[in-house]
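File shown: work.cif (mmCIF, C-alpha atoms).
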```cif
data_model
loop_
_atom_site.label_atom_id
_atom_site.label_comp_id
_atom_site.auth_asym_id
_atom_site.auth_seq_id
_atom_site.Cartn_x
_atom_site.Cartn_y
_atom_site.Cartn_z
CA MET A 1 0.00 0.00 0.00
CA LEU A 2 1.20 3.47 -0.90
CA ILE A 3 -0.12 6.64 0.67
CA ARG A 4 -0.73 9.16 -2.08
CA THR A 5 -1.84 12.74 -1.94
CA ARG A 6 -3.03 14.70 -4.92
CA MET A 7 -3.78 18.39 -4.94
CA GLY A 8 -4.45 21.20 -7.34
CA ALA A 9 -2.62 24.44 -6.69
CA SER A 10 -2.28 27.72 -8.50
CA ILE A 11 1.19 28.71 -9.67
CA ASP A 12 1.43 30.99 -6.63
CA GLY A 13 0.80 28.03 -4.35
CA TYR A 14 -2.85 28.31 -3.33
CA ILE A 15 -4.94 25.15 -3.06
CA ALA A 16 -8.20 27.04 -2.43
CA THR A 17 -9.70 30.46 -2.91
CA PRO A 18 -10.14 32.77 0.11
CA ASP A 19 -13.67 31.45 0.60
CA GLY A 20 -12.40 27.87 0.67
CA LEU A 21 -13.36 26.68 -2.80
CA PRO A 22 -10.82 24.25 -4.29
CA ALA A 23 -8.45 25.93 -6.73
CA PHE A 24 -9.50 23.37 -9.35
CA LEU A 25 -12.83 25.16 -9.67
CA VAL A 26 -11.27 28.22 -11.30
CA MET A 27 -10.34 26.10 -14.31
CA PRO A 28 -12.83 26.38 -17.17
CA GLY A 29 -14.28 22.97 -17.96
CA PHE A 30 -13.13 21.35 -14.74
CA VAL A 31 -15.24 18.29 -13.90
CA PRO A 32 -15.03 17.08 -10.28
CA HIS A 33 -13.92 13.44 -10.17
CA GLY A 34 -13.49 13.56 -13.95
CA SER A 35 -10.73 15.94 -15.00
CA TYR A 36 -6.96 15.42 -14.93
CA GLU A 37 -7.25 11.63 -15.04
CA TRP A 38 -8.97 11.46 -11.68
CA PRO A 39 -10.75 8.20 -12.61
CA GLU A 40 -7.41 6.54 -13.32
CA PHE A 41 -6.01 7.81 -10.02
CA SER A 42 -9.01 6.76 -7.97
CA LYS A 43 -8.83 3.21 -9.36
CA LEU A 44 -5.50 2.84 -7.55
CA CYS A 45 -7.02 3.67 -4.18
CA GLN A 46 -8.88 1.51 -1.69
CA ALA A 47 -9.00 3.99 1.19
CA VAL A 48 -9.20 7.71 1.75
CA VAL A 49 -7.68 9.61 4.70
CA MET A 50 -9.03 12.96 5.80
CA GLY A 51 -9.65 15.38 8.61
CA ARG A 52 -13.00 15.89 10.26
CA VAL A 53 -13.87 19.00 8.25
CA ALA A 54 -13.58 17.08 5.00
CA LEU A 55 -15.65 14.18 6.38
CA ASP A 56 -18.44 16.48 7.56
CA ALA A 57 -18.44 18.26 4.20
CA GLY A 58 -18.79 14.90 2.45
CA LEU A 59 -21.65 13.85 4.71
CA ARG A 60 -23.45 17.15 4.16
CA SER A 61 -23.06 17.00 0.40
CA GLY A 62 -25.83 14.45 0.02
CA ASN A 63 -23.75 12.70 -2.62
CA TRP A 64 -21.12 10.63 -0.81
CA PRO A 65 -17.86 11.47 -2.61
CA TRP A 66 -15.93 8.29 -1.75
CA PRO A 67 -18.11 5.31 -2.68
CA GLY A 68 -16.42 1.93 -2.22
CA LEU A 69 -13.49 3.32 -0.25
CA GLN A 70 -12.53 2.66 3.34
CA VAL A 71 -12.46 5.95 5.23
CA TYR A 72 -9.86 6.96 7.84
CA VAL A 73 -10.62 10.16 9.70
CA ARG A 74 -8.41 12.25 11.92
CA THR A 75 -10.88 13.38 14.54
CA SER A 76 -11.25 13.68 18.32
CA ARG A 77 -15.03 13.46 18.14
CA PRO A 78 -17.08 10.28 17.82
CA LEU A 79 -17.77 9.21 14.27
CA PRO A 80 -21.36 9.25 13.05
CA GLU A 81 -23.18 5.95 13.68
CA THR A 82 -24.44 5.70 10.14
CA VAL A 83 -22.06 6.45 7.31
CA PRO A 84 -22.06 5.47 3.65
CA ALA A 85 -18.82 3.49 3.97
CA ASP A 86 -18.23 -0.15 4.88
CA VAL A 87 -15.18 0.67 6.96
CA MET A 88 -14.67 3.92 8.84
CA VAL A 89 -11.88 4.39 11.32
CA GLY A 90 -11.28 7.45 13.46
CA ASP A 91 -8.44 8.63 15.67
CA HIS A 92 -7.20 12.07 16.62
CA ARG A 93 -3.55 10.95 16.74
CA PRO A 94 -2.00 10.92 13.27
CA GLU A 95 0.49 8.20 14.19
CA ALA A 96 -2.30 5.98 15.54
CA LEU A 97 -4.42 6.59 12.46
CA LEU A 98 -1.44 5.71 10.30
CA GLY A 99 -0.93 2.52 12.33
CA LYS A 100 -4.53 1.47 11.78
CA LEU A 101 -4.16 2.13 8.08
CA ARG A 102 -1.04 0.00 7.88
CA ILE A 103 -2.64 -2.86 9.85
CA ALA A 104 -5.57 -2.87 7.41
CA ASP A 105 -3.17 -4.35 4.85
CA LEU A 106 -5.00 -2.87 1.89
CA ALA A 107 -4.54 -4.37 -1.53
CA GLY A 108 -4.80 -0.89 -3.04
CA ASP A 109 -3.40 2.48 -2.06
CA ALA A 110 -4.67 5.15 0.31
CA PHE A 111 -5.56 8.63 -0.90
CA LEU A 112 -4.61 11.29 1.62
CA LEU A 113 -7.25 13.89 0.87
CA GLY A 114 -6.41 16.48 3.54
CA GLY A 115 -7.14 19.06 4.85
CA ARG A 116 -3.93 20.84 5.39
CA ARG A 117 -3.38 19.84 9.03
CA THR A 118 -3.90 16.16 8.30
CA LEU A 119 -1.70 16.43 5.24
CA HIS A 120 1.13 18.05 7.15
CA ALA A 121 0.77 15.66 10.09
CA PHE A 122 1.35 12.77 7.69
CA LEU A 123 4.16 14.72 6.05
CA ALA A 124 5.83 15.19 9.44
CA LEU A 125 5.53 11.44 10.06
CA GLY A 126 7.25 10.76 6.74
CA ALA A 127 4.20 8.74 5.80
CA ILE A 128 3.45 10.13 2.33
CA ASP A 129 4.80 7.98 -0.47
CA LYS A 130 3.70 10.08 -3.44
CA LEU A 131 2.81 13.74 -3.76
CA GLU A 132 0.92 14.56 -6.93
CA LEU A 133 0.80 18.27 -7.63
CA LEU A 134 -1.50 19.54 -10.35
CA GLN A 135 -0.21 23.02 -11.06
CA LEU A 136 -2.98 25.11 -12.55
CA PRO A 137 -2.04 27.86 -15.05
CA VAL A 138 -3.39 30.70 -12.98
CA LEU A 139 -2.24 33.19 -10.37
CA LEU A 140 -4.89 33.46 -7.65
CA GLY A 141 -3.12 36.19 -5.67
CA GLU A 142 -4.71 35.10 -2.39
CA GLY A 143 -6.29 32.09 -0.78
CA VAL A 144 -5.39 29.02 1.24
CA PRO A 145 -1.71 28.17 0.75
CA PHE A 146 -0.44 24.65 0.23
CA SER A 147 2.00 24.96 3.14
CA LEU A 148 1.39 25.32 6.84
CA PRO A 149 3.75 27.64 8.72
CA GLY A 150 6.39 25.57 10.47
CA ALA A 151 5.87 22.46 8.35
CA PRO A 152 9.17 20.61 7.92
CA ARG A 153 11.33 21.14 4.88
CA ARG A 154 11.41 18.02 2.73
CA HIS A 155 13.36 17.32 -0.41
CA LEU A 156 11.51 15.61 -3.23
CA ARG A 157 12.29 13.44 -6.21
CA LEU A 158 10.44 14.19 -9.41
CA GLU A 159 9.11 10.91 -10.81
CA GLN A 160 6.79 12.14 -13.52
CA HIS A 161 6.10 15.44 -15.22
CA ARG A 162 3.59 16.10 -17.96
CA ALA A 163 1.26 18.79 -19.28
CA PHE A 164 -2.47 18.53 -19.85
CA PRO A 165 -3.95 20.30 -22.89
CA ASP A 166 -5.27 23.19 -20.78
CA GLY A 167 -1.76 23.98 -19.51
CA THR A 168 -2.15 22.27 -16.14
CA LEU A 169 1.06 20.50 -15.19
CA HIS A 170 1.10 17.19 -13.38
CA HIS A 171 4.17 16.68 -11.19
CA VAL A 172 4.49 13.39 -9.32
CA TYR A 173 7.03 13.46 -6.49
CA THR A 174 8.33 11.00 -3.94
CA PHE A 175 10.00 12.13 -0.74
CA ALA A 176 13.75 11.88 -0.50
CA THR A 177 14.93 10.10 2.62
CA GLY A 178 17.66 11.21 4.98
CA GLU A 179 17.51 14.84 3.92
CA SER A 180 16.03 17.95 5.46
CA MET B 1 10.07 45.89 -28.80
CA ALA B 2 11.42 44.13 -25.73
CA LYS B 3 9.53 41.63 -23.60
CA LEU B 4 9.34 42.16 -19.85
CA ILE B 5 9.84 38.82 -18.10
CA TYR B 6 9.32 37.92 -14.47
CA SER B 7 11.70 35.10 -13.67
CA ALA B 8 11.79 33.38 -10.29
CA VAL B 9 12.90 30.25 -8.53
CA ALA B 10 10.28 28.58 -6.35
CA SER B 11 9.95 25.60 -4.07
CA ALA B 12 7.16 23.17 -4.97
CA ASP B 13 5.01 24.96 -2.38
CA GLY B 14 5.70 28.36 -3.91
CA TYR B 15 8.46 30.04 -1.87
CA VAL B 16 11.63 31.76 -3.00
CA GLU B 17 13.05 31.79 0.55
CA ASP B 18 12.19 29.57 3.48
CA ALA B 19 11.05 30.95 6.83
CA ALA B 20 14.67 31.37 7.95
CA GLY B 21 15.47 33.48 4.88
CA SER B 22 17.54 30.69 3.38
CA PHE B 23 17.53 29.81 -0.31
CA GLU B 24 20.53 27.51 -0.55
CA TRP B 25 18.12 24.70 -1.45
CA ALA B 26 17.40 26.59 -4.67
CA ALA B 27 21.00 26.74 -5.90
CA PRO B 28 21.05 25.54 -9.52
CA ASP B 29 23.28 22.70 -10.60
CA GLU B 30 25.43 22.99 -13.71
CA GLU B 31 22.68 21.84 -16.09
CA VAL B 32 20.19 24.39 -14.81
CA HIS B 33 22.81 27.12 -14.56
CA ARG B 34 23.84 26.68 -18.19
CA PHE B 35 20.19 26.81 -19.24
CA VAL B 36 19.71 30.01 -17.22
CA ASN B 37 22.78 31.48 -18.91
CA GLU B 38 21.19 30.97 -22.32
CA LEU B 39 18.00 32.71 -21.15
CA GLU B 40 19.87 35.57 -19.53
CA ARG B 41 21.98 36.16 -22.61
CA ARG B 42 18.91 37.72 -24.26
CA VAL B 43 18.34 40.15 -21.39
CA GLY B 44 19.50 43.72 -21.84
CA THR B 45 18.09 45.30 -18.69
CA TYR B 46 17.36 44.03 -15.20
CA LEU B 47 14.75 45.79 -13.07
CA TYR B 48 15.36 45.20 -9.38
CA GLY B 49 14.01 46.23 -6.01
CA ARG B 50 16.69 47.17 -3.47
CA ARG B 51 16.84 43.80 -1.75
CA MET B 52 17.09 41.78 -4.94
CA TYR B 53 19.74 44.18 -6.26
CA GLN B 54 21.80 43.72 -3.13
CA THR B 55 21.51 39.94 -3.47
CA MET B 56 22.52 40.02 -7.12
CA LEU B 57 25.47 42.37 -6.44
CA TYR B 58 27.48 39.24 -5.73
CA TRP B 59 27.88 38.87 -9.48
CA GLU B 60 29.58 42.27 -9.84
CA THR B 61 32.68 40.83 -8.22
CA ALA B 62 32.10 37.09 -8.72
CA HIS B 63 34.98 36.96 -11.24
CA THR B 64 37.37 37.64 -8.35
CA VAL B 65 36.20 34.58 -6.39
CA PRO B 66 38.72 31.77 -6.84
CA GLY B 67 37.58 28.45 -8.23
CA GLN B 68 34.44 29.62 -10.03
CA PRO B 69 33.30 26.96 -12.51
CA PRO B 70 33.06 28.02 -16.15
CA PHE B 71 29.25 28.26 -16.15
CA ALA B 72 29.39 30.68 -13.19
CA ARG B 73 32.08 32.77 -14.91
CA GLU B 74 29.87 32.86 -17.98
CA PHE B 75 26.89 34.11 -15.97
CA THR B 76 29.10 36.72 -14.30
CA ALA B 77 30.00 38.18 -17.67
CA ILE B 78 26.38 38.16 -18.84
CA TRP B 79 25.16 39.91 -15.68
CA GLN B 80 27.89 42.52 -15.72
CA ALA B 81 27.18 43.42 -19.35
CA ALA B 82 23.48 44.18 -18.77
CA GLU B 83 21.91 47.45 -17.67
CA LYS B 84 20.36 47.54 -14.20
CA ILE B 85 17.68 49.81 -12.80
CA VAL B 86 17.12 49.69 -9.04
CA PHE B 87 13.78 50.94 -7.74
CA SER B 88 14.38 52.16 -4.20
CA LYS B 89 13.37 55.11 -2.07
CA THR B 90 16.32 54.61 0.29
CA LEU B 91 19.32 53.30 -1.64
CA ALA B 92 21.91 56.11 -1.67
CA SER B 93 24.32 54.77 -4.26
CA VAL B 94 24.97 51.78 -6.47
CA GLN B 95 27.95 49.45 -6.37
CA SER B 96 27.83 48.08 -9.88
CA ALA B 97 28.48 49.41 -13.34
CA ARG B 98 25.67 50.16 -15.81
CA THR B 99 23.28 50.78 -12.92
CA ARG B 100 20.94 53.60 -11.99
CA ILE B 101 18.43 54.26 -9.23
CA GLU B 102 14.79 55.20 -9.73
CA ARG B 103 12.88 56.38 -6.67
CA ASN B 104 9.46 55.20 -7.89
CA PHE B 105 8.18 52.47 -10.15
CA ASP B 106 6.73 54.43 -13.05
CA PRO B 107 4.80 52.14 -15.44
CA GLY B 108 5.03 54.75 -18.18
CA MET B 109 8.81 54.80 -17.97
CA VAL B 110 8.99 51.00 -18.11
CA ARG B 111 6.59 50.93 -21.03
CA HIS B 112 8.79 53.44 -22.85
CA LEU B 113 11.89 51.35 -22.11
CA LYS B 114 10.20 48.27 -23.55
CA SER B 115 9.37 50.08 -26.74
CA ALA B 116 12.82 51.62 -27.05
CA THR B 117 14.92 48.48 -26.80
CA GLU B 118 15.15 45.16 -28.60
CA HIS B 119 16.77 43.16 -25.83
CA ASP B 120 14.42 41.64 -23.28
CA MET B 121 14.04 42.97 -19.78
CA THR B 122 13.48 41.07 -16.56
CA VAL B 123 11.92 42.20 -13.33
CA GLY B 124 13.31 40.63 -10.18
CA GLY B 125 11.60 40.25 -6.82
CA ALA B 126 7.96 39.45 -6.16
CA ASP B 127 7.02 42.89 -4.82
CA LEU B 128 8.35 44.80 -7.81
CA ALA B 129 6.95 42.15 -10.16
CA GLY B 130 3.54 42.66 -8.54
CA GLN B 131 3.60 46.30 -9.55
CA ALA B 132 4.60 45.34 -13.08
CA PHE B 133 1.90 42.65 -13.32
CA ARG B 134 -0.78 45.05 -12.03
CA ALA B 135 0.28 47.62 -14.61
CA GLY B 136 -0.08 45.00 -17.37
CA LEU B 137 3.61 45.23 -18.26
CA VAL B 138 4.69 41.60 -17.82
CA ASP B 139 4.80 39.59 -21.04
CA GLU B 140 6.14 36.32 -19.65
CA LEU B 141 6.51 34.43 -16.42
CA GLN B 142 9.44 32.04 -16.16
CA LEU B 143 9.53 29.78 -13.13
CA PHE B 144 12.11 27.26 -12.00
CA LEU B 145 10.31 24.82 -9.74
CA VAL B 146 12.72 23.21 -7.27
CA PRO B 147 11.88 19.74 -5.90
CA VAL B 148 11.55 20.70 -2.24
CA VAL B 149 8.76 21.81 0.07
CA VAL B 150 9.92 24.38 2.62
CA GLY B 151 6.76 24.95 4.64
CA GLY B 152 6.58 28.73 4.41
CA GLY B 153 8.68 31.81 3.87
CA LYS B 154 8.77 34.49 1.21
CA PRO B 155 6.35 33.80 -1.67
CA ALA B 156 7.93 33.57 -5.10
CA LEU B 157 4.94 35.14 -6.81
CA PRO B 158 3.36 38.50 -6.04
CA ASN B 159 0.33 38.82 -3.79
CA ASP B 160 -2.96 40.20 -5.03
CA VAL B 161 -2.36 39.41 -8.70
CA HIS B 162 -5.08 37.31 -10.28
CA LEU B 163 -4.20 36.25 -13.79
CA ASP B 164 -5.02 33.45 -16.18
CA LEU B 165 -1.94 32.15 -17.93
CA GLU B 166 -1.07 30.20 -21.05
CA LEU B 167 1.63 27.55 -20.77
CA LEU B 168 4.23 28.13 -23.49
CA ASP B 169 7.02 25.78 -22.62
CA THR B 170 8.27 23.38 -19.99
CA ARG B 171 11.55 21.56 -19.46
CA ARG B 172 12.56 18.95 -16.93
CA PHE B 173 16.11 18.75 -15.60
CA ALA B 174 17.97 15.74 -14.21
CA SER B 175 17.88 17.25 -10.69
CA GLY B 176 14.08 17.22 -10.74
CA ALA B 177 13.87 20.98 -11.21
CA VAL B 178 11.35 22.04 -13.85
CA TYR B 179 11.38 25.17 -15.99
CA LEU B 180 7.97 26.63 -16.77
CA ARG B 181 7.22 29.47 -19.18
CA TYR B 182 3.84 31.19 -19.31
CA ARG B 183 2.31 34.31 -20.81
CA PRO B 184 -0.72 36.17 -19.46
CA LYS B 185 -3.97 35.45 -21.25
CA PRO B 186 -5.79 38.53 -22.51
CA ALA B 187 -8.38 39.72 -19.97
#
```

Exercise: express the given structure as structure tokens:
Amino acid sequence: MLIRTRMGASIDGYIATPDGLPAFLVMPGFVPHGSYEWPEFSKLCQAVVMGRVALDAGLRSGNWPWPGLQVYVRTSRPLPETVPADVMVGDHRPEALLGKLRIADLAGDAFLLGGRRTLHAFLALGAIDKLELLQLPVLLGEGVPFSLPGAPRRHLRLEQHRAFPDGTLHHVYTFATGES
Amino acid sequence: MAKLIYSAVASADGYVEDAAGSFEWAAPDEEVHRFVNELERRVGTYLYGRRMYQTMLYWETAHTVPGQPPFAREFTAIWQAAEKIVFSKTLASVQSARTRIERNFDPGMVRHLKSATEHDMTVGGADLAGQAFRAGLVDELQLFLVPVVVGGGKPALPNDVHLDLELLDTRRFASGAVYLRYRPKPA
């Protein structure tokens, strides 16, 4: 099992607009769960990892965004009793959540959805195997940055690099070990 | 007519310096440096803010540093041959040849310079570039994306500039750095 994260960011490093809308949505013709080879990516994944805000947003949406996936939630509050997932695991400690994910022995990979605090907690644990950055051809000028202040510096290895027809660039990185 | 280019180095999370003010992680290797030299050879004038000018001043005397590799000596000569304009309200004097100070960023003056020269111009530093972007003066954005996340620091791109861009070119280097070239889309 690999832990993968995949995010869209503007060239100036914002993953969401100031009002919290994903940066992807500024791209003309963007189709949620359709564009930028999302279907191919999602076929690799058997689980999704997220913070509580993302879970609650998914539950409120009325259209469960992660059908067929096991769900791992970083949360200190009890999980809802009824959820549209066969397996849902919660823990407020990132290392414990990671342990439960590893024990699950998934045949597929795990998609680390976010939000930022969950993403950076896993980053600090050295638990992310692949970082997929979709760099959107736009300057947003403001918004929610990719980085959290104080997040550790990590060197990357570029595994893949390609351009989509709309000018979005797809960079796939792994994390270099033994460097800071 | 010259193009005005904003060229910057950025971490994968969008910073030109980390929170400690360090940018040693962005140092180009020989392959990237030689590529940069070819780009810079077309530049006739550099527009700098004070801080970027003071950083780049290293190249005014870099030829006196022992043991410089050939690609660094080549860049030194390219930098020294170009004109420099420093936009600063406080800088009293310059320490490099072919350099003058302007107290204010005057878009009309920059527009006139673009029309009066054939060699390209670059604007250095995100703050100064922001003024140039907002005035509609920037023709290209060139970005060297370094394979590192630094977790915060000084943004490589200006704040408060919203712009749709067209990807013109991209190149991947052995180090994992990527060169990206964009131009603004018409509003």

Which residues of chain A are close to chain B, meaning at most 8 Å apart when you count all atoms listed in the file, and how do they look as an MDAnalysis selection string?
-> chainID A and resid 11:13 137:142 146:158 161 167:168 173

Take the residues that were just selected and, keeping C-alpha atoms, output them as a tab-separated table (two decimals), in the frame of the given file.
```tsv
chain	number	residue	atom	x	y	z
A	11	ILE	CA	1.19	28.71	-9.67
A	12	ASP	CA	1.43	30.99	-6.63
A	13	GLY	CA	0.80	28.03	-4.35
A	137	PRO	CA	-2.04	27.86	-15.05
A	138	VAL	CA	-3.39	30.70	-12.98
A	139	LEU	CA	-2.24	33.19	-10.37
A	140	LEU	CA	-4.89	33.46	-7.65
A	141	GLY	CA	-3.12	36.19	-5.67
A	142	GLU	CA	-4.71	35.10	-2.39
A	146	PHE	CA	-0.44	24.65	0.23
A	147	SER	CA	2.00	24.96	3.14
A	148	LEU	CA	1.39	25.32	6.84
A	149	PRO	CA	3.75	27.64	8.72
A	150	GLY	CA	6.39	25.57	10.47
A	151	ALA	CA	5.87	22.46	8.35
A	152	PRO	CA	9.17	20.61	7.92
A	153	ARG	CA	11.33	21.14	4.88
A	154	ARG	CA	11.41	18.02	2.73
A	155	HIS	CA	13.36	17.32	-0.41
A	156	LEU	CA	11.51	15.61	-3.23
A	157	ARG	CA	12.29	13.44	-6.21
A	158	LEU	CA	10.44	14.19	-9.41
A	161	HIS	CA	6.10	15.44	-15.22
A	167	GLY	CA	-1.76	23.98	-19.51
A	168	THR	CA	-2.15	22.27	-16.14
A	173	TYR	CA	7.03	13.46	-6.49
```

What gap, in Å, lies between atom CA of B:Glu17 and atom CA of B:Gly136?
->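 Atom CA of B:Gly136 lies 25.8 Å from atom CA of B:Glu17.
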
Go through A:Ala47, A:Met7, A:Ala127, A:Val26 and flag the residue nearest A:Gly114, using only C-alpha atoms for the distances.
->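 Of A:Ala47, A:Met7, A:Ala127, A:Val26, the one nearest A:Gly114 is A:Met7, counting only C-alpha atoms.
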
Which one of B:Leu113, B:Leu137, B:Leu91, B:Ala97 sits closest to B:Arg50 if you count only C-alpha atoms?
->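 Smallest distance to B:Arg50 is found for B:Leu91.
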
Could you spell out the hits of the PyMOL selection byres ((chain B and resi 61) around 12) on the shown file, as a PyMOL selection string?
-> chain B and resi 56-60+62-66+68+72-73+75-77+79-80+95-97

How would you write, as number ranges by chain, the residues chosen by the PyMOL selection byres ((chain A and resi 72-85) around 12) on this structure?
-> A: 46-56, 58-60, 62-71, 86-102, 104, 110-119, 121-122

How big is the axis-aligned box around the listed atoms of stretch 88-104 of chain A once 3 Å is added on each side, and where is its centre? Give both in Å to one decimal, as JSON.
```
{"center_x": -7.1, "center_y": 4.6, "center_z": 12.1, "size_x": 21.2, "size_y": 20.9, "size_z": 15.3}
```

Write out as a list in words the residues lying within 9 Å of B:Phe105, counting only C-alpha atoms and excluding same-chain residues fewer than 2 positions away.
->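 Residues near the query, excluding close chain neighbours: Phe87, Ser88, Glu102, Arg103, Pro107, Gly108, Met109, Val110, Leu128, Gln131 and Ala132 of chain B.
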
Quick one: pull the distance between atom CA of A:His170 and atom CA of B:Asp29, Å, one decimal.
->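 Atom-to-atom, atom CA of A:His170 to atom CA of B:Asp29, that is 23.0 Å.
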
So what does the PyMOL selection byres ((chain A and resi 143) around 9) actually pick up in this one, as a VMD selection string?
-> chain A and resid 13 to 20 23 140 to 142 144 to 145

Given the choices A:Lys43, A:His120, A:Lys130, A:His33, which gets closest to A:Leu2 if the distance is worked out from all atoms listed in the file?
->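 Using all atoms listed in the file, A:Leu2 sits closest to A:Lys130.
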
Distance atom CA of B:Ile78-atom CA of B:Arg111, one decimal place?
-> 23.7 Å

Pick out the closest residue to A:Ile103 from this set: A:Leu21, A:Met1, A:Ala176, A:Ala163. Count only C-alpha atoms.
-> A:Met1
